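Participant: Contents of upload_10.txt (compact mmCIF, C-alpha atoms):
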```txt
# COMPACT_ATOMS: atom_id res chain seq x y z
CA MET A 1 -53.85 6.75 -12.36
CA GLY A 2 -52.07 3.93 -10.45
CA ARG A 3 -48.74 4.46 -8.70
CA ARG A 4 -45.80 3.36 -10.86
CA ARG A 5 -43.71 0.50 -9.53
CA LYS A 6 -40.26 1.63 -8.39
CA GLN A 7 -37.38 0.20 -10.38
CA ASP A 8 -33.95 -1.06 -9.49
CA PRO A 9 -31.42 1.53 -10.81
CA GLU A 10 -29.73 -1.20 -12.86
CA ASP A 11 -33.00 -1.82 -14.74
CA MET A 12 -33.67 1.87 -15.48
CA SER A 13 -33.38 3.41 -18.90
CA PRO A 14 -31.82 6.91 -19.15
CA GLN A 15 -35.33 8.30 -19.61
CA ASP A 16 -36.54 6.56 -16.43
CA ALA A 17 -33.53 7.88 -14.51
CA GLU A 18 -34.56 11.41 -15.34
CA GLY A 19 -37.83 11.00 -13.38
CA SER A 20 -38.59 12.90 -10.20
CA GLU A 21 -36.54 12.19 -7.03
CA GLU A 22 -39.48 10.68 -5.13
CA GLU A 23 -40.07 8.13 -7.91
CA ARG A 24 -36.54 6.73 -7.64
CA ASP A 25 -35.45 3.81 -5.49
CA TYR A 26 -31.69 3.64 -5.10
CA SER A 27 -31.62 0.49 -2.95
CA VAL A 28 -29.94 -2.42 -4.73
CA ARG A 29 -30.96 -5.73 -3.25
CA ALA A 30 -27.68 -7.44 -4.08
CA VAL A 31 -25.69 -4.72 -2.29
CA GLU A 32 -27.97 -4.92 0.72
CA ARG A 33 -27.35 -8.66 0.91
CA VAL A 34 -23.60 -8.19 0.69
CA CYS A 35 -23.82 -5.65 3.55
CA LEU A 36 -25.83 -8.15 5.62
CA ILE A 37 -23.22 -10.84 5.01
CA LEU A 38 -20.29 -8.54 5.89
CA ASN A 39 -22.04 -7.33 9.05
CA LEU A 40 -22.63 -10.93 10.07
CA LEU A 41 -18.97 -11.76 9.46
CA GLN A 42 -17.81 -8.70 11.42
CA GLU A 43 -19.91 -9.65 14.44
CA SER A 44 -18.63 -13.22 14.46
CA VAL A 45 -15.41 -14.17 16.22
CA ASP A 46 -15.10 -17.79 15.11
CA GLY A 47 -16.71 -17.54 11.65
CA ILE A 48 -20.14 -18.23 10.18
CA THR A 49 -21.68 -21.15 8.31
CA LEU A 50 -23.37 -21.16 4.94
CA ASN A 51 -26.67 -21.89 6.71
CA GLU A 52 -26.31 -18.77 8.86
CA VAL A 53 -25.73 -16.65 5.76
CA ALA A 54 -28.75 -18.15 4.02
CA GLN A 55 -30.99 -17.58 7.06
CA THR A 56 -29.82 -13.98 7.58
CA THR A 57 -30.19 -12.95 3.94
CA GLY A 58 -33.27 -15.03 3.14
CA LEU A 59 -31.40 -16.56 0.20
CA PRO A 60 -31.39 -20.19 -0.92
CA LYS A 61 -28.15 -21.89 0.10
CA SER A 62 -26.99 -22.07 -3.52
CA SER A 63 -27.38 -18.30 -3.94
CA ALA A 64 -25.78 -17.56 -0.55
CA PHE A 65 -22.81 -19.67 -1.60
CA ARG A 66 -22.43 -17.66 -4.82
CA TYR A 67 -22.25 -14.43 -2.80
CA LEU A 68 -19.62 -15.92 -0.49
CA TRP A 69 -17.69 -17.38 -3.43
CA THR A 70 -17.56 -13.96 -5.11
CA LEU A 71 -16.42 -12.24 -1.90
CA GLU A 72 -13.81 -14.96 -1.42
CA ASN A 73 -12.49 -14.38 -4.95
CA HIS A 74 -11.96 -10.72 -4.04
CA ARG A 75 -10.28 -11.72 -0.74
CA TYR A 76 -12.99 -10.13 1.43
CA VAL A 77 -13.93 -13.56 2.74
CA GLU A 78 -11.79 -16.58 3.53
CA ARG A 79 -13.04 -20.13 3.97
CA ASP A 80 -11.95 -22.79 6.46
CA GLU A 81 -12.19 -25.91 4.33
CA GLU A 82 -11.98 -28.23 7.32
CA GLY A 83 -14.59 -26.53 9.52
CA GLY A 84 -16.75 -25.13 6.73
CA LEU A 85 -16.70 -21.66 8.30
CA PHE A 86 -16.37 -18.30 6.55
CA ARG A 87 -14.43 -15.36 8.05
CA LEU A 88 -13.43 -11.85 7.01
CA GLY A 89 -10.48 -12.04 4.65
CA LEU A 90 -7.28 -10.17 3.96
CA GLY A 91 -9.02 -7.73 1.62
CA PHE A 92 -9.94 -5.75 4.71
CA VAL A 93 -6.38 -5.50 6.07
CA GLY A 94 -5.73 -2.14 4.39
CA MET A 95 -9.04 -0.81 5.68
CA GLN A 96 -8.26 -2.06 9.18
CA SER A 97 -4.85 -0.40 9.06
CA ARG A 98 -6.55 2.91 8.33
CA HIS A 99 -9.04 2.21 11.11
CA LEU A 100 -6.15 1.62 13.52
CA GLU A 101 -4.45 4.82 12.39
CA ILE A 102 -7.63 6.79 13.05
CA LEU A 103 -8.05 5.08 16.42
CA ARG A 104 -4.46 5.87 17.38
CA GLU A 105 -4.88 9.54 16.46
CA ARG A 106 -8.18 9.67 18.33
CA ALA A 107 -6.71 8.02 21.44
CA ARG A 108 -3.44 9.96 21.60
CA PRO A 109 -4.75 13.07 23.45
CA SER A 110 -6.49 10.83 25.98
CA LEU A 111 -3.33 8.81 26.56
CA GLU A 112 -1.37 12.02 27.12
CA HIS A 113 -4.03 13.22 29.56
CA LEU A 114 -3.84 9.93 31.50
CA ARG A 115 -0.03 10.16 31.60
CA ASP A 116 -0.17 13.70 32.95
CA GLU A 117 -2.93 12.99 35.50
CA PHE A 118 -1.38 9.86 37.01
CA GLY A 119 2.30 10.40 36.20
CA GLU A 120 2.62 6.91 34.72
CA THR A 121 2.85 5.40 31.24
CA ALA A 122 -0.37 5.10 29.17
CA ASN A 123 -0.79 2.41 26.53
CA LEU A 124 -3.07 1.44 23.66
CA GLY A 125 -3.04 -2.28 22.85
CA LEU A 126 -4.64 -4.55 20.24
CA LEU A 127 -5.13 -8.32 20.12
CA ASP A 128 -2.94 -9.47 17.22
CA GLY A 129 -3.18 -13.21 16.72
CA ASP A 130 -2.70 -14.74 20.17
CA HIS A 131 -0.79 -11.83 21.77
CA VAL A 132 -1.40 -8.17 22.59
CA ILE A 133 0.59 -5.73 20.49
CA TYR A 134 1.29 -2.17 21.73
CA ILE A 135 0.10 0.19 18.99
CA ASP A 136 0.75 3.41 20.93
CA ILE A 137 2.56 4.36 24.13
CA VAL A 138 2.86 7.66 25.97
CA GLU A 139 5.70 7.22 28.44
CA SER A 140 5.81 8.60 31.95
CA ARG A 141 8.00 11.70 32.34
CA ARG A 142 9.62 10.20 35.43
CA GLY A 143 13.17 8.91 35.33
CA VAL A 144 12.13 5.45 36.53
CA ARG A 145 9.14 4.19 34.57
CA LEU A 146 7.52 1.04 33.29
CA ALA A 147 7.16 1.22 29.51
CA ALA A 148 7.09 -1.19 26.60
CA SER A 149 7.97 -0.10 23.06
CA ARG A 150 5.52 0.36 20.24
CA GLY A 151 5.22 -2.97 18.41
CA ASP A 152 6.14 -5.06 21.47
CA ARG A 153 3.97 -8.12 22.06
CA ASP A 154 2.84 -9.60 25.38
CA PRO A 155 0.71 -12.63 26.34
CA ILE A 156 -2.97 -12.15 27.16
CA HIS A 157 -2.88 -14.18 30.38
CA CYS A 158 -0.49 -12.01 32.41
CA THR A 159 -1.20 -8.46 31.24
CA ALA A 160 -4.00 -6.05 32.10
CA LEU A 161 -4.44 -5.19 28.41
CA GLY A 162 -4.73 -8.88 27.56
CA LYS A 163 -7.28 -9.56 30.30
CA ALA A 164 -9.37 -6.50 29.38
CA ILE A 165 -9.54 -7.67 25.76
CA ALA A 166 -10.02 -11.37 26.56
CA ALA A 167 -12.96 -10.55 28.84
CA GLN A 168 -14.86 -9.29 25.77
CA LEU A 169 -14.28 -12.48 23.75
CA PRO A 170 -16.28 -15.73 23.85
CA ASP A 171 -14.83 -18.22 26.33
CA GLU A 172 -14.12 -20.77 23.58
CA ARG A 173 -12.05 -18.24 21.66
CA VAL A 174 -10.07 -17.41 24.79
CA ARG A 175 -9.57 -21.11 25.52
CA ASP A 176 -8.22 -21.65 22.00
CA LEU A 177 -5.82 -18.70 22.37
CA LEU A 178 -4.51 -19.99 25.68
CA LYS A 179 -4.03 -23.50 24.24
CA GLN A 180 -1.84 -21.95 21.56
CA THR A 181 0.28 -19.86 23.92
CA GLY A 182 0.07 -21.69 27.22
CA LEU A 183 -0.03 -19.91 30.56
CA SER A 184 3.67 -19.68 31.29
CA SER A 185 4.85 -18.27 34.59
CA ARG A 186 6.42 -14.83 34.16
CA THR A 187 6.57 -14.03 37.89
CA GLY A 188 5.45 -15.61 41.12
CA ASN A 189 2.06 -13.88 40.71
CA THR A 190 1.26 -15.07 37.17
CA ILE A 191 -1.99 -16.98 36.71
CA THR A 192 -0.95 -20.33 35.25
CA ASP A 193 -4.11 -22.45 35.14
CA MET A 194 -7.16 -22.11 32.92
CA ASP A 195 -9.85 -22.18 35.63
CA SER A 196 -8.23 -19.41 37.64
CA TYR A 197 -7.87 -17.31 34.50
CA PHE A 198 -11.57 -17.60 33.67
CA GLU A 199 -12.41 -16.64 37.25
CA GLU A 200 -10.26 -13.57 36.71
CA LEU A 201 -12.10 -12.73 33.48
CA ALA A 202 -15.45 -12.98 35.29
CA LYS A 203 -14.13 -10.41 37.75
CA VAL A 204 -12.98 -8.15 34.90
CA ARG A 205 -16.43 -8.28 33.28
CA LYS A 206 -18.08 -7.37 36.58
CA GLN A 207 -15.68 -4.52 37.44
CA GLY A 208 -15.21 -3.15 33.94
CA TYR A 209 -11.41 -3.11 34.25
CA ALA A 210 -8.48 -5.52 34.53
CA LEU A 211 -5.42 -5.59 36.76
CA ASP A 212 -1.93 -6.95 36.30
CA ASP A 213 -0.57 -7.05 39.83
CA ARG A 214 3.11 -7.92 39.28
CA GLU A 215 2.07 -10.80 36.96
CA ASN A 216 4.09 -9.87 33.88
CA GLU A 217 7.05 -8.19 35.59
CA ASP A 218 8.14 -8.47 39.23
CA ASP A 219 8.09 -4.70 39.75
CA GLY A 220 5.24 -3.88 37.38
CA ARG A 221 1.60 -3.01 37.98
CA CYS A 222 -0.98 -2.14 35.33
CA VAL A 223 -4.71 -1.40 35.06
CA ALA A 224 -6.65 -1.57 31.76
CA ALA A 225 -10.12 -0.98 30.34
CA PRO A 226 -11.52 -2.21 26.99
CA LEU A 227 -12.57 0.18 24.24
CA LEU A 228 -16.09 -1.09 23.70
CA GLY A 229 -17.97 -0.19 20.53
CA THR A 230 -14.89 0.08 18.27
CA HIS A 231 -15.41 -3.36 16.64
CA LEU A 232 -11.74 -4.02 17.39
CA PRO A 233 -10.20 -6.06 20.24
CA VAL A 234 -8.46 -3.07 21.84
CA ALA A 235 -7.90 -1.63 25.32
CA ILE A 236 -6.04 1.19 27.05
CA SER A 237 -3.97 0.94 30.21
CA ILE A 238 -1.86 2.77 32.77
CA SER A 239 1.32 1.05 33.93
CA GLY A 240 4.01 1.88 36.45
CA PRO A 241 6.55 0.41 38.88
CA SER A 242 4.68 -1.39 41.66
CA SER A 243 6.90 0.29 44.23
CA ARG A 244 5.32 3.62 43.24
CA PHE A 245 2.03 2.71 41.51
CA SER A 246 0.27 0.94 44.37
CA LEU A 247 -2.72 -1.38 44.10
CA ALA A 248 -4.85 1.38 45.63
CA ASP A 249 -3.53 3.83 43.00
CA ALA A 250 -4.39 1.38 40.21
CA LYS A 251 -7.93 0.85 41.47
CA LYS A 252 -8.41 4.59 41.85
CA ALA A 253 -7.22 5.13 38.28
CA ALA A 254 -9.59 2.44 36.98
CA LYS A 255 -12.71 4.66 37.10
CA THR A 256 -11.00 7.40 35.10
CA LEU A 257 -9.69 4.80 32.67
CA ILE A 258 -13.20 3.40 32.05
CA ASP A 259 -14.55 6.90 31.40
CA VAL A 260 -11.68 7.75 29.05
CA ALA A 261 -12.09 4.43 27.19
CA SER A 262 -15.77 5.17 26.68
CA GLY A 263 -14.96 8.62 25.32
CA ILE A 264 -12.39 7.31 22.86
CA ALA A 265 -14.85 4.72 21.53
CA THR A 266 -17.75 7.15 21.06
CA ASN A 267 -16.23 10.56 20.19
CA PRO A 268 -16.22 11.53 16.52
CA VAL A 269 -12.93 11.46 14.64
CA THR A 270 -11.11 14.77 14.80
CA ALA A 271 -10.22 16.66 11.66
CA SER A 272 -6.59 15.57 11.90
CA ALA A 273 -7.64 11.92 11.85
CA ARG A 274 -9.74 12.12 8.70
```
How does this structure look as structure tokens?

Facilitator:
Amino acid sequence: MGRRRKQDPEDMSPQDAEGSEEERDYSVRAVERVCLILNLLQESVDGITLNEVAQTTGLPKSSAFRYLWTLENHRYVERDEEGGLFRLGLGFVGMQSRHLEILRERARPSLEHLRDEFGETANLGLLDGDHVIYIDIVESRRGVRLAASRGDRDPIHCTALGKAIAAQLPDERVRDLLKQTGLSSRTGNTITDMDSYFEELAKVRKQGYALDDRENEDDGRCVAAPLLGTHLPVAISISGPSSRFSLADAKKAAKTLIDVASGIATNPVTASAR
């Protein structure tokens, strides 16, 4: 007797659905295609074209457009009419907020450990638009300390957090961000021209960490490492007064910071963060 063709669950009758487990096929091609499209959108920084969606899914362009149109109607995709690009939409904002909450809870013990080991403030920052926003801070216990407040925003060109995140982005995206914000001088050490900034990013990529050597504040020094593998533009840092947190101290802390960042990005979520 020949092997029976497996059916899509949507085409099954109740009698078919009662068949043995090994005869069932729960994959739904339409859902698989939606997952392919969303994965493609997630991996893209600048957006994707209709052609890219069609090629990835193996769909005709007309069918690919119908998928995107449906996702756009549910706000999971947004379309740039001028450039013809599709990006993840606002429908994911609530999900991202939960992702950030989980990340913050996961990172908190590590930030406290960094604060206690080095005696300086530890930070968790996220690229929000064209600035870095501080989403968690564990302040130094010392009377004199360098610390922002949760929710504060800083430019990407003069902060270690900003450089660590920017080094993971495509150069064109970074260039666009800098055109929006400019490279204003915050101190005498601030990098204020595009070419020098990209040279700095090349150094960050090679070293695995970024430094702010009195570039954002005259008496401030900071070292940061990106949280790779989180699918979010985030980084952690240690910051302190430059009079106490020397350049040698910052470079020494960098190795620990890279290891801690790797652990935060790969460790499973703790029970309290579920």

Participant: Take CA of Asp193 in chain A and CA of Arg175 in chain A and report the distance between them in Å, one decimal.

Facilitator: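 A separation of 11.1 Å between them.
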
Participant: How far is it from CA of Asp249 in chain A to CA of Cys158 in chain A, in Å with one decimal?

Facilitator: 19.3 Å

Participant: Calculate how many Å separate CA of Gly220 in chain A from CA of Leu146 in chain A, rounding to one decimal.

Facilitator: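 So the answer is 6.8 Å.
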
Participant: So that I can see what lies close to range 86-88 of chain A, please list as a short mmCIF file (atom, residue, chain, number, x, y, z; two decimals) with C-alpha atoms, keeping the file's coordinate frame the residues with an atom at most 12 Å from it, counting all atoms listed in the file and leaving out residues fewer than 3 positions away in the same chain.

Facilitator:
```cif
data_model
loop_
_atom_site.label_atom_id
_atom_site.label_comp_id
_atom_site.auth_asym_id
_atom_site.auth_seq_id
_atom_site.Cartn_x
_atom_site.Cartn_y
_atom_site.Cartn_z
CA ILE A 37 -23.22 -10.84 5.01
CA LEU A 38 -20.29 -8.54 5.89
CA ASN A 39 -22.04 -7.33 9.05
CA LEU A 40 -22.63 -10.93 10.07
CA LEU A 41 -18.97 -11.76 9.46
CA GLN A 42 -17.81 -8.70 11.42
CA GLU A 43 -19.91 -9.65 14.44
CA SER A 44 -18.63 -13.22 14.46
CA VAL A 45 -15.41 -14.17 16.22
CA ASP A 46 -15.10 -17.79 15.11
CA GLY A 47 -16.71 -17.54 11.65
CA ILE A 48 -20.14 -18.23 10.18
CA THR A 49 -21.68 -21.15 8.31
CA LEU A 50 -23.37 -21.16 4.94
CA ASN A 51 -26.67 -21.89 6.71
CA GLU A 52 -26.31 -18.77 8.86
CA VAL A 53 -25.73 -16.65 5.76
CA ALA A 64 -25.78 -17.56 -0.55
CA PHE A 65 -22.81 -19.67 -1.60
CA TYR A 67 -22.25 -14.43 -2.80
CA LEU A 68 -19.62 -15.92 -0.49
CA TRP A 69 -17.69 -17.38 -3.43
CA LEU A 71 -16.42 -12.24 -1.90
CA GLU A 72 -13.81 -14.96 -1.42
CA HIS A 74 -11.96 -10.72 -4.04
CA ARG A 75 -10.28 -11.72 -0.74
CA TYR A 76 -12.99 -10.13 1.43
CA VAL A 77 -13.93 -13.56 2.74
CA GLU A 78 -11.79 -16.58 3.53
CA ARG A 79 -13.04 -20.13 3.97
CA ASP A 80 -11.95 -22.79 6.46
CA GLU A 81 -12.19 -25.91 4.33
CA GLU A 82 -11.98 -28.23 7.32
CA GLY A 83 -14.59 -26.53 9.52
CA GLY A 91 -9.02 -7.73 1.62
CA PHE A 92 -9.94 -5.75 4.71
CA VAL A 93 -6.38 -5.50 6.07
CA MET A 95 -9.04 -0.81 5.68
CA GLN A 96 -8.26 -2.06 9.18
#
```

Participant: For Lys203 in chain A, which residue out of A:Leu85, A:Leu177, A:Leu227, A:Ala167 is the nearest one, using only C-alpha atoms?

Facilitator: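 Nearest candidate to Lys203 in chain A out of A:Leu85, A:Leu177, A:Leu227, A:Ala167: A:Ala167.
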
Participant: I want to know what sits within 6 Å of range 234-239 of chain A, based on only C-alpha atoms, with residues of the same chain fewer than 4 positions away left out; could you give that as an mmCIF file with C-alpha atoms, keeping the file's coordinate frame?

Facilitator:
```
data_model
loop_
_atom_site.group_PDB
_atom_site.id
_atom_site.type_symbol
_atom_site.label_atom_id
_atom_site.label_comp_id
_atom_site.auth_asym_id
_atom_site.auth_seq_id
_atom_site.Cartn_x
_atom_site.Cartn_y
_atom_site.Cartn_z
ATOM 1 C CA THR A 121 2.850 5.400 31.240
ATOM 2 C CA ALA A 122 -0.370 5.100 29.170
ATOM 3 C CA ASN A 123 -0.790 2.410 26.530
ATOM 4 C CA LEU A 124 -3.070 1.440 23.660
ATOM 5 C CA GLY A 125 -3.040 -2.280 22.850
ATOM 6 C CA LEU A 126 -4.640 -4.550 20.240
ATOM 7 C CA LEU A 161 -4.440 -5.190 28.410
ATOM 8 C CA ARG A 221 1.600 -3.010 37.980
ATOM 9 C CA CYS A 222 -0.980 -2.140 35.330
ATOM 10 C CA VAL A 223 -4.710 -1.400 35.060
ATOM 11 C CA ALA A 224 -6.650 -1.570 31.760
ATOM 12 C CA ALA A 225 -10.120 -0.980 30.340
ATOM 13 C CA PRO A 226 -11.520 -2.210 26.990
ATOM 14 C CA LEU A 227 -12.570 0.180 24.240
#
```

Participant: Just the residues within 12 Å of Ala248 in chain A, please, counting only C-alpha atoms, with nothing from its chain fewer than 4 positions along; format it as an MDAnalysis selection string.

Facilitator: chainID A and resid 211 213 221:223 242:244 252:254

Participant: Using only C-alpha atoms, which of A:Ile258, A:Arg173, A:Thr190, A:Thr159 sits nearest Gly208 in chain A?

Facilitator: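 The shortest atom-to-atom distance to Gly208 in chain A comes from A:Ile258.
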
Participant: Show which residues sit within 10 Å of His157 in chain A, as a PyMOL selection string. Count only C-alpha atoms, and ignore same-chain residues fewer than 4 positions away.

Facilitator: chain A and resi 131-132+161-163+166+174+177-178+181-185+190-194+197-198+200-201+212+215-216

Participant: Considering only C-alpha atoms, can you say which of A:Thr70, A:Thr56, A:Thr256, A:Thr187 comes closest to Arg33 in chain A?

Facilitator: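 Looking only at the distances to Arg33 in chain A, the closest residue turns out to be A:Thr56.
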
Participant: Between A:Gly188, A:Glu101, A:Gly89, A:Glu172, which one has atoms that come closest to Asn73 in chain A, using only C-alpha atoms?

Facilitator: A:Gly89

Participant: Between A:Ser63, A:Gly129, A:Cys35, A:Arg108, which has the minimum distance to Asp176 in chain A (counting only C-alpha atoms)?

Facilitator: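 The closest residue to Asp176 in chain A is A:Gly129.
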
Participant: Find, counting all atoms listed in the file, the residue in A:Lys251, A:Ile165, A:Ser140, A:Asp171 that gets nearest to Gln207 in chain A.

Facilitator: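 Smallest separation from Gln207 in chain A among the options: A:Lys251.
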